[in-house]
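File shown here: work_10.cif, holding mmCIF, C-alpha atoms.
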data_data
#
loop_
_atom_site.label_atom_id
_atom_site.label_comp_id
_atom_site.auth_asym_id
_atom_site.auth_seq_id
_atom_site.Cartn_x
_atom_site.Cartn_y
_atom_site.Cartn_z
CA MET A 146 10.06 25.89 144.68
CA LEU A 147 7.56 23.32 145.95
CA ASP A 148 4.22 22.63 144.32
CA PRO A 149 1.74 24.84 146.30
CA LYS A 150 -0.47 21.82 147.06
CA PHE A 151 2.46 19.87 148.40
CA GLU A 152 3.60 22.88 150.43
CA ARG A 153 0.21 22.96 152.14
CA LEU A 154 0.62 19.29 152.86
CA LEU A 155 4.03 19.87 154.44
CA ASN A 156 2.62 22.63 156.63
CA SER A 157 -0.12 20.26 157.81
CA LEU A 158 2.43 17.55 158.56
CA LYS A 159 4.52 19.97 160.62
CA GLU A 160 1.58 20.26 163.02
CA VAL A 161 1.65 16.51 163.64
CA LYS A 162 2.91 15.74 167.15
CA ASP A 163 2.87 11.95 167.08
CA ILE A 164 1.86 8.97 164.98
CA ASP A 165 -1.74 9.13 166.25
CA ASP A 166 -2.06 12.68 164.95
CA LEU A 167 -0.60 11.53 161.66
CA ALA A 168 -3.18 8.78 161.41
CA LYS A 169 -5.95 11.35 161.87
CA LEU A 170 -4.71 13.53 159.03
CA SER A 171 -7.48 13.46 156.44
CA ILE A 172 -6.52 12.75 152.87
CA ARG A 173 -9.36 14.82 151.48
CA ASP A 174 -8.46 17.86 153.59
CA ILE A 175 -5.52 18.71 151.32
CA ASP A 176 -6.98 18.69 147.80
CA ASN A 177 -6.43 14.94 147.48
CA VAL A 178 -2.66 15.49 147.38
CA VAL A 179 -2.12 13.06 150.22
CA ASN A 180 -3.95 10.34 148.34
CA GLU A 181 -1.39 10.64 145.57
CA LYS A 182 1.76 11.39 147.54
CA ILE A 183 1.63 9.99 151.08
CA PHE A 184 2.44 6.41 151.92
CA ALA A 185 2.31 6.11 155.72
CA ASN A 186 3.90 2.75 156.47
CA ASN A 187 2.41 2.25 159.93
CA ASP A 188 3.00 -1.51 160.03
CA ASN A 189 6.80 -1.24 160.05
CA LYS A 190 8.84 1.00 162.30
CA ILE A 191 11.56 3.09 160.73
CA MET A 192 15.04 1.59 161.11
CA VAL A 193 17.93 3.74 162.30
CA SER A 194 21.44 3.65 160.84
CA ALA A 195 23.82 5.55 163.14
CA SER A 196 26.35 7.61 161.20
CA LEU A 197 29.86 7.17 162.59
CA LEU A 198 30.85 10.41 160.87
CA SER A 199 29.56 12.16 164.01
CA ALA A 200 31.37 9.86 166.44
CA ASN A 201 34.45 10.78 168.47
CA PHE A 202 37.15 8.93 166.50
CA LEU A 203 39.51 9.00 169.48
CA ARG A 204 36.98 6.80 171.29
CA LEU A 205 35.59 4.91 168.32
CA GLU A 206 35.21 1.53 170.06
CA ASP A 207 33.28 3.13 172.93
CA GLU A 208 31.15 5.10 170.48
CA ILE A 209 30.24 1.96 168.52
CA LYS A 210 29.35 0.12 171.74
CA SER A 211 27.21 3.11 172.71
CA MET A 212 25.25 2.80 169.47
CA VAL A 213 24.75 -0.93 170.07
CA ASP A 214 23.54 -0.33 173.63
CA SER A 215 21.28 2.53 172.49
CA GLY A 216 19.37 0.34 170.04
CA CYS A 217 20.39 1.39 166.55
CA ASP A 218 19.72 -1.09 163.73
CA MET A 219 22.90 -0.66 161.69
CA LEU A 220 26.08 1.41 161.45
CA HIS A 221 26.45 3.91 158.61
CA ILE A 222 30.00 4.29 157.29
CA ASP A 223 30.67 7.39 155.17
CA VAL A 224 33.58 6.87 152.79
CA MET A 225 34.93 10.11 151.26
CA ASP A 226 37.91 10.46 148.95
CA GLY A 227 38.44 14.24 148.99
CA HIS A 228 37.52 14.44 145.28
CA PHE A 229 33.83 13.62 144.85
CA VAL A 230 33.21 15.55 148.09
CA PRO A 231 35.60 18.05 149.77
CA ASN A 232 36.30 15.88 152.80
CA MET A 233 38.04 12.62 153.72
CA THR A 234 37.10 9.97 156.26
CA ILE A 235 38.22 6.62 157.64
CA GLY A 236 39.63 3.71 155.65
CA PRO A 237 38.78 0.03 156.09
CA CYS A 238 41.77 -0.59 158.37
CA VAL A 239 40.14 1.62 161.02
CA ILE A 240 36.88 -0.32 161.07
CA GLU A 241 37.94 -3.83 160.03
CA ASN A 242 37.56 -5.11 163.61
CA ILE A 243 34.02 -3.84 164.16
CA SER A 244 32.79 -7.43 163.92
CA SER A 245 34.63 -8.19 167.16
CA ILE A 246 32.47 -5.59 168.92
CA THR A 247 29.07 -6.07 167.30
CA ASP A 248 27.20 -8.02 164.66
CA LEU A 249 25.16 -4.98 163.62
CA PRO A 250 24.96 -4.69 159.81
CA LEU A 251 27.28 -2.19 158.15
CA ASP A 252 25.81 0.33 155.74
CA ILE A 253 28.59 1.76 153.56
CA HIS A 254 28.05 4.97 151.60
CA LEU A 255 30.71 5.62 148.94
CA MET A 256 31.19 9.32 148.17
CA VAL A 257 34.07 8.69 145.80
CA GLU A 258 35.17 9.02 142.19
CA ASN A 259 36.39 5.45 141.71
CA ALA A 260 33.67 3.23 143.14
CA ASN A 261 35.20 0.06 141.69
CA PHE A 262 38.37 0.53 143.72
CA PHE A 263 36.50 1.28 146.94
CA ILE A 264 34.09 -1.63 146.52
CA ASP A 265 37.10 -3.95 146.41
CA LEU A 266 38.54 -2.19 149.45
CA TYR A 267 35.41 -2.38 151.65
CA SER A 268 33.68 -5.56 150.50
CA PRO A 269 35.87 -7.78 152.79
CA LEU A 270 34.07 -6.11 155.71
CA ARG A 271 30.94 -7.95 154.51
CA PRO A 272 28.55 -4.98 154.77
CA LYS A 273 24.80 -5.32 154.36
CA TYR A 274 24.66 -2.42 151.88
CA ILE A 275 27.07 -0.57 149.63
CA SER A 276 25.65 2.65 148.21
CA VAL A 277 27.11 4.37 145.13
CA HIS A 278 26.29 7.80 143.72
CA ILE A 279 24.41 7.86 140.44
CA GLU A 280 26.03 11.22 139.61
CA GLN A 281 29.47 9.62 139.43
CA GLU A 282 28.87 6.31 137.66
CA LYS A 283 29.10 6.00 133.87
CA HIS A 284 28.24 2.29 133.96
CA LEU A 285 25.89 2.04 136.92
CA HIS A 286 24.37 -1.32 135.99
CA ARG A 287 27.83 -2.89 135.87
CA ILE A 288 28.63 -1.55 139.35
CA ILE A 289 25.33 -2.85 140.73
CA GLU A 290 26.01 -6.30 139.30
CA LYS A 291 29.48 -6.30 140.87
CA ILE A 292 28.07 -5.47 144.32
CA ARG A 293 25.36 -8.12 143.98
CA LYS A 294 27.89 -10.80 143.01
CA LEU A 295 29.75 -10.05 146.25
CA ASN A 296 26.57 -11.01 148.16
CA ILE A 297 26.08 -7.39 149.22
CA SER A 298 22.84 -5.47 148.70
CA PRO A 299 23.36 -2.73 146.09
CA SER A 300 22.05 0.76 146.77
CA VAL A 301 22.06 3.92 144.66
CA VAL A 302 22.42 7.44 146.09
CA LEU A 303 20.86 10.65 144.77
CA ASN A 304 22.13 14.09 145.71
CA PRO A 305 19.53 16.78 146.52
CA HIS A 306 19.51 18.15 142.95
CA THR A 307 19.31 14.78 141.17
CA ASP A 308 15.99 13.85 139.54
CA ILE A 309 14.52 10.48 140.53
CA GLN A 310 13.81 9.75 136.85
CA SER A 311 17.49 8.84 136.57
CA LEU A 312 16.52 5.67 138.50
CA ARG A 313 13.75 4.66 136.11
CA TYR A 314 15.65 1.90 134.32
CA ILE A 315 17.74 0.72 137.28
CA ILE A 316 15.21 0.65 140.14
CA GLY A 317 14.33 -3.00 139.48
CA ASP A 318 17.94 -4.07 140.04
CA ILE A 319 18.66 -2.47 143.42
CA ASP A 320 17.67 -3.12 147.03
CA MET A 321 17.72 0.44 148.33
CA VAL A 322 17.74 4.08 147.26
CA LEU A 323 19.55 6.56 149.49
CA ILE A 324 18.18 10.08 149.21
CA MET A 325 20.58 12.77 150.38
CA SER A 326 18.58 15.44 152.19
CA VAL A 327 21.72 17.57 152.55
CA ASN A 328 24.66 18.08 150.24
CA PRO A 329 27.11 15.26 150.99
CA GLY A 330 30.49 15.70 152.64
CA PHE A 331 29.83 17.07 156.11
CA GLY A 332 27.63 16.25 159.10
CA GLY A 333 25.37 18.60 161.04
CA GLN A 334 23.65 20.24 158.06
CA LYS A 335 20.04 21.41 157.85
CA PHE A 336 17.45 19.15 156.23
CA VAL A 337 16.46 20.17 152.68
CA GLU A 338 12.66 20.19 152.86
CA SER A 339 12.11 19.70 149.13
CA SER A 340 13.43 16.17 149.77
CA LEU A 341 9.97 15.23 151.08
CA GLU A 342 8.29 15.74 147.70
CA LYS A 343 11.15 13.89 146.03
CA ILE A 344 10.80 10.92 148.39
CA ALA A 345 7.03 10.75 147.87
CA ASN A 346 7.54 10.62 144.11
CA LEU A 347 10.23 7.99 144.52
CA LYS A 348 7.86 5.88 146.60
CA GLU A 349 5.37 5.94 143.73
CA MET A 350 8.05 4.68 141.37
CA ILE A 351 9.10 1.94 143.80
CA LEU A 352 5.54 0.69 144.28
CA ALA A 353 5.13 0.51 140.52
CA ARG A 354 8.48 -1.05 139.61
CA ASN A 355 10.11 -2.77 142.63
CA ASP A 356 8.14 -2.81 145.86
CA LYS A 357 10.95 -4.62 147.70
CA CYS A 358 13.28 -1.66 147.32
CA LEU A 359 13.82 0.35 150.50
CA ILE A 360 14.15 4.11 150.88
CA GLN A 361 16.90 5.49 153.10
CA VAL A 362 17.35 9.18 153.92
CA ASP A 363 20.55 10.85 155.10
CA GLY A 364 20.97 14.43 156.30
CA GLY A 365 19.40 16.60 158.96
CA VAL A 366 17.15 13.84 160.32
CA ASN A 367 15.76 14.45 163.81
CA ASP A 368 12.68 14.04 165.98
CA LYS A 369 11.08 17.13 164.40
CA ASN A 370 10.93 15.78 160.84
CA ILE A 371 10.72 12.03 161.43
CA SER A 372 6.90 11.96 161.22
CA MET A 373 7.01 13.61 157.81
CA LEU A 374 9.63 11.14 156.63
CA LYS A 375 7.48 8.28 157.85
CA ALA A 376 4.49 9.70 156.03
CA VAL A 377 6.20 9.81 152.64
CA GLY A 378 7.39 6.21 152.89
CA VAL A 379 10.93 6.23 154.31
CA ASP A 380 12.16 2.86 155.63
CA ILE A 381 15.58 3.73 157.07
CA VAL A 382 17.01 7.00 158.39
CA VAL A 383 20.67 7.84 158.80
CA ALA A 384 21.28 10.02 161.82
CA GLY A 385 24.56 11.33 163.17
CA SER A 386 24.63 14.65 164.98
CA PHE A 387 21.12 14.20 166.36
CA ILE A 388 22.11 10.93 168.06
CA PHE A 389 25.72 11.54 169.06
CA ASN A 390 25.07 15.04 170.45
CA HIS A 391 21.97 14.00 172.39
CA GLU A 392 22.23 13.76 176.17
CA ASN A 393 20.39 10.43 176.00
CA ARG A 394 21.34 8.55 172.86
CA GLY A 395 18.91 5.71 173.52
CA GLU A 396 16.02 8.17 173.71
CA ALA A 397 17.22 9.88 170.53
CA ILE A 398 17.18 6.62 168.59
CA LYS A 399 13.85 5.60 170.11
CA SER A 400 12.30 8.90 168.96
CA LEU A 401 13.19 8.02 165.35
CA LYS A 402 11.74 4.50 165.43
CA ILE A 403 8.13 5.41 164.80
#

Would you encode the structure as C-alpha cells?
Amino acid sequence: MLDPKFERLLNSLKEVKDIDDLAKLSIRDIDNVVNEKIFANNDNKIMVSASLLSANFLRLEDEIKSMVDSGCDMLHIDVMDGHFVPNMTIGPCVIENISSITDLPLDIHLMVENANFFIDLYSPLRPKYISVHIEQEKHLHRIIEKIRKLNISPSVVLNPHTDIQSLRYIIGDIDMVLIMSVNPGFGGQKFVESSLEKIANLKEMILARNDKCLIQVDGGVNDKNISMLKAVGVDIVVAGSFIFNHENRGEAIKSLKI
C-alpha cells in the first residue's frame, strides 16, 4: 500500500497532460511531498530502449531497421534461461550480426541463474550495458567488476518486490539501475504503480551517492505514464508492446521522449 501522501501525488500527476502541465504542478500543493520525492529532469529528454522481446522474430532484421528509422536510442535484449524466469529467448547467435544493420547501442538484460556464463556469451557483442539481477547474485561486486573490465557499463536490476536498500553499498560502483515495473519474463504486462515511489526513493539515493548513475525502467511503459516517470527522475525507458503494436512506431517513440 502506498503512503497516502504519495498516493495523492500520483493522483495529481495522472491529471498532467503534457510537460507544461507538469512544470506548473506546485510543490507546496501536496504537503511538501513533491519537494522530497520529485526530481523532474526537464533539461534532458528521456531515452528510449526498444525491447526486441515484442518484435516479430520471423522478420527480426526488418523489425530492427524499423526501430532505427523510428528514432529509438538503443535496443533492449532480454536474455532468459527458463530458470530464473519461466520463459526463454534468443541467444547471441541470433543477434550477433546486428552491428551490420545499425550502430545503436545494445542494452542486455540478463534474467538468468548463471550470470557469469551469460556475460561471457554476450560480451563479444560489445553492448553498452549488461544488467544483472541483484536477487540472483551472491557476489554482486565481483560480477560488476567483471563487466567493467570488459569495457561494458554495469547495471543492476531490481524486481518489483526488491527493496532499494539492497543497492546501498553497490550504487557507487554501477552506471545504471534497472527498475522492473512488472514481474520479469513476459511482455505486455500492466505497470506496477508502486514503482513510482520506489524510483523516487532510488533517485534520492543516487543523488546522495552516485549522481552519474542512470535510472532505467522496464515494464508497462506507455504515453499515459511517461510524464510520471519523468517526474520521479527516470533517464531511460524500455518499451516493447507499446512501440511494436503502435500503428505509427515513430510517433510512439516520440511520445516517450519528453

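A straight line drawn from atom CA of A:Ser298 to atom CA of A:Met321 is 7.8 Å long.
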
Practice task
Please provide the set of residues having any atom within 10 Å of A:Leu220, restricted to all atoms listed in the file, with same-chain residues fewer than 4 positions apart removed, written as a PyMOL selection string.
Solution key: chain A and resi 193-197+209+212-213+243+247+249-253+272-273+383-384

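A straight line drawn from atom CA of A:Ile191 to atom CA of A:Met350 is 19.7 Å long.
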
Compile the contact shell of A:Ile381 as a JSON list (two decimals) with C-alpha atoms, in the frame of the given file: residues with an atom at most 10 Å away, counting only C-alpha atoms, same-chain residues fewer than 2 positions apart removed.
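result.json was written with the following content:
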[["chain", "number", "residue", "atom", "x", "y", "z"],
["A", 190, "LYS", "CA", 8.84, 1.00, 162.30],
["A", 191, "ILE", "CA", 11.56, 3.09, 160.73],
["A", 192, "MET", "CA", 15.04, 1.59, 161.11],
["A", 193, "VAL", "CA", 17.93, 3.74, 162.30],
["A", 194, "SER", "CA", 21.44, 3.65, 160.84],
["A", 218, "ASP", "CA", 19.72, -1.09, 163.73],
["A", 219, "MET", "CA", 22.90, -0.66, 161.69],
["A", 321, "MET", "CA", 17.72, 0.44, 148.33],
["A", 323, "LEU", "CA", 19.55, 6.56, 149.49],
["A", 359, "LEU", "CA", 13.82, 0.35, 150.50],
["A", 360, "ILE", "CA", 14.15, 4.11, 150.88],
["A", 361, "GLN", "CA", 16.90, 5.49, 153.10],
["A", 362, "VAL", "CA", 17.35, 9.18, 153.92],
["A", 363, "ASP", "CA", 20.55, 10.85, 155.10],
["A", 374, "LEU", "CA", 9.63, 11.14, 156.63],
["A", 375, "LYS", "CA", 7.48, 8.28, 157.85],
["A", 378, "GLY", "CA", 7.39, 6.21, 152.89],
["A", 379, "VAL", "CA", 10.93, 6.23, 154.31],
["A", 383, "VAL", "CA", 20.67, 7.84, 158.80],
["A", 384, "ALA", "CA", 21.28, 10.02, 161.82],
["A", 401, "LEU", "CA", 13.19, 8.02, 165.35],
["A", 402, "LYS", "CA", 11.74, 4.50, 165.43]]

Please provide the set of residues having any atom within 6 Å of A:Ile289, restricted to all atoms listed in the file, with same-chain residues fewer than 3 positions apart removed, written as a PDB file with C-alpha atoms, in the coordinates of the input.
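Written out: result.pdb:
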ATOM      1  CA  HIS A 286      24.370  -1.320 135.990  1.00  0.00           C
ATOM      2  CA  ILE A 292      28.070  -5.470 144.320  1.00  0.00           C
ATOM      3  CA  PRO A 299      23.360  -2.730 146.090  1.00  0.00           C
TER       4      PRO A 299
END

Practice task
Counting all atoms listed in the file, select every polymer residue within 10 Å of (33.6, 14.2, 149.4) as defined in the file's coordinates, and provide the selection as a PyMOL selection string.
Solution key: chain A and resi 223-234+255-258+328-331

Practice task
Give me the residues within 7 Å of stretch 354-356 of chain A as a VMD selection string, counting only C-alpha atoms and dropping any in the same chain fewer than 3 places off.
Solution key: chain A and resid 316 to 317 350 to 351

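Residues matched by the PyMOL selection byres ((chain A and resi 205) around 12) in this file: Ser196, Leu197, Leu198, Ser199, Ala200, Asn201, Phe202, Leu203, Arg204, Glu206, Asp207, Glu208, Ile209, Lys210, Ser211, Met212, Ile235, Val239, Ile240, Asn242, Ile243, Ile246 and Phe389 of chain A.
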
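Evaluating the PyMOL selection byres ((chain A and resi 366) around 10) against the shown model yields A:Ser326, A:Val327, A:Gly333, A:Gln334, A:Lys335, A:Phe336, A:Val337, A:Val362, A:Asp363, A:Gly364, A:Gly365, A:Asn367, A:Asp368, A:Lys369, A:Asn370, A:Ile371, A:Leu374, A:Val382, A:Val383, A:Ala384, A:Gly385, A:Ser386, A:Phe387, A:Ile388, A:Leu401.
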
Just the selected residues (C-alpha atoms), exported as a PDB file, keeping the file's coordinate frame, please.
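Okay, out_13.pdb is ready:
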ATOM      1  CA  SER A 326      18.580  15.440 152.190  1.00  0.00           C
ATOM      2  CA  VAL A 327      21.720  17.570 152.550  1.00  0.00           C
ATOM      3  CA  GLY A 333      25.370  18.600 161.040  1.00  0.00           C
ATOM      4  CA  GLN A 334      23.650  20.240 158.060  1.00  0.00           C
ATOM      5  CA  LYS A 335      20.040  21.410 157.850  1.00  0.00           C
ATOM      6  CA  PHE A 336      17.450  19.150 156.230  1.00  0.00           C
ATOM      7  CA  VAL A 337      16.460  20.170 152.680  1.00  0.00           C
ATOM      8  CA  VAL A 362      17.350   9.180 153.920  1.00  0.00           C
ATOM      9  CA  ASP A 363      20.550  10.850 155.100  1.00  0.00           C
ATOM     10  CA  GLY A 364      20.970  14.430 156.300  1.00  0.00           C
ATOM     11  CA  GLY A 365      19.400  16.600 158.960  1.00  0.00           C
ATOM     12  CA  ASN A 367      15.760  14.450 163.810  1.00  0.00           C
ATOM     13  CA  ASP A 368      12.680  14.040 165.980  1.00  0.00           C
ATOM     14  CA  LYS A 369      11.080  17.130 164.400  1.00  0.00           C
ATOM     15  CA  ASN A 370      10.930  15.780 160.840  1.00  0.00           C
ATOM     16  CA  ILE A 371      10.720  12.030 161.430  1.00  0.00           C
ATOM     17  CA  LEU A 374       9.630  11.140 156.630  1.00  0.00           C
ATOM     18  CA  VAL A 382      17.010   7.000 158.390  1.00  0.00           C
ATOM     19  CA  VAL A 383      20.670   7.840 158.800  1.00  0.00           C
ATOM     20  CA  ALA A 384      21.280  10.020 161.820  1.00  0.00           C
ATOM     21  CA  GLY A 385      24.560  11.330 163.170  1.00  0.00           C
ATOM     22  CA  SER A 386      24.630  14.650 164.980  1.00  0.00           C
ATOM     23  CA  PHE A 387      21.120  14.200 166.360  1.00  0.00           C
ATOM     24  CA  ILE A 388      22.110  10.930 168.060  1.00  0.00           C
ATOM     25  CA  LEU A 401      13.190   8.020 165.350  1.00  0.00           C
TER      26      LEU A 401
END

Handout entry: Computed interatomic separation between atom CA of A:Leu347 and atom CA of A:Arg271 (Å)
Key = 28.0 Å

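Excluding A:Leu266 and any residue on its chain fewer than 2 positions from it, the residues at most 12 Å away by all atoms listed in the file are Val224, Gly236, Pro237, Cys238, Ile240, Glu241, Ile253, Leu255, Asn259, Ala260, Asn261, Phe262, Phe263, Ile264, Ser268, Pro269, Leu270, Arg271, Pro272 and Ile275 of chain A.
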
Reference answer for the PyMOL selection byres ((chain A and resi 307) around 10), as a PDB file with C-alpha atoms, in the frame of the given file:
ATOM      1  CA  ILE A 279      24.410   7.860 140.440  1.00  0.00           C
ATOM      2  CA  GLU A 280      26.030  11.220 139.610  1.00  0.00           C
ATOM      3  CA  VAL A 302      22.420   7.440 146.090  1.00  0.00           C
ATOM      4  CA  LEU A 303      20.860  10.650 144.770  1.00  0.00           C
ATOM      5  CA  ASN A 304      22.130  14.090 145.710  1.00  0.00           C
ATOM      6  CA  PRO A 305      19.530  16.780 146.520  1.00  0.00           C
ATOM      7  CA  HIS A 306      19.510  18.150 142.950  1.00  0.00           C
ATOM      8  CA  ASP A 308      15.990  13.850 139.540  1.00  0.00           C
ATOM      9  CA  ILE A 309      14.520  10.480 140.530  1.00  0.00           C
ATOM     10  CA  GLN A 310      13.810   9.750 136.850  1.00  0.00           C
ATOM     11  CA  SER A 311      17.490   8.840 136.570  1.00  0.00           C
ATOM     12  CA  LEU A 312      16.520   5.670 138.500  1.00  0.00           C
ATOM     13  CA  ILE A 324      18.180  10.080 149.210  1.00  0.00           C
ATOM     14  CA  MET A 325      20.580  12.770 150.380  1.00  0.00           C
ATOM     15  CA  LYS A 343      11.150  13.890 146.030  1.00  0.00           C
TER      16      LYS A 343
END

Could you give me the axis-aligned bounding box of stretch 277-288 of chain A, with 8 Å of padding per side, as centre plus edge lengths in Å to one decimal, as JSON?
{"center_x": 26.9, "center_y": 4.2, "center_z": 139.5, "size_x": 21.1, "size_y": 30.1, "size_z": 27.3}

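Taking all atoms listed in the file into account, A:Ser400 lies nearest to A:Ser372 out of the set A:Lys283, A:Val377, A:Ser372, A:Val322.
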
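Closest approach to A:Ile315 from the set A:Ser339, A:Lys294, A:Leu285, A:Ala376 is made by A:Leu285, with distances taken over only C-alpha atoms.
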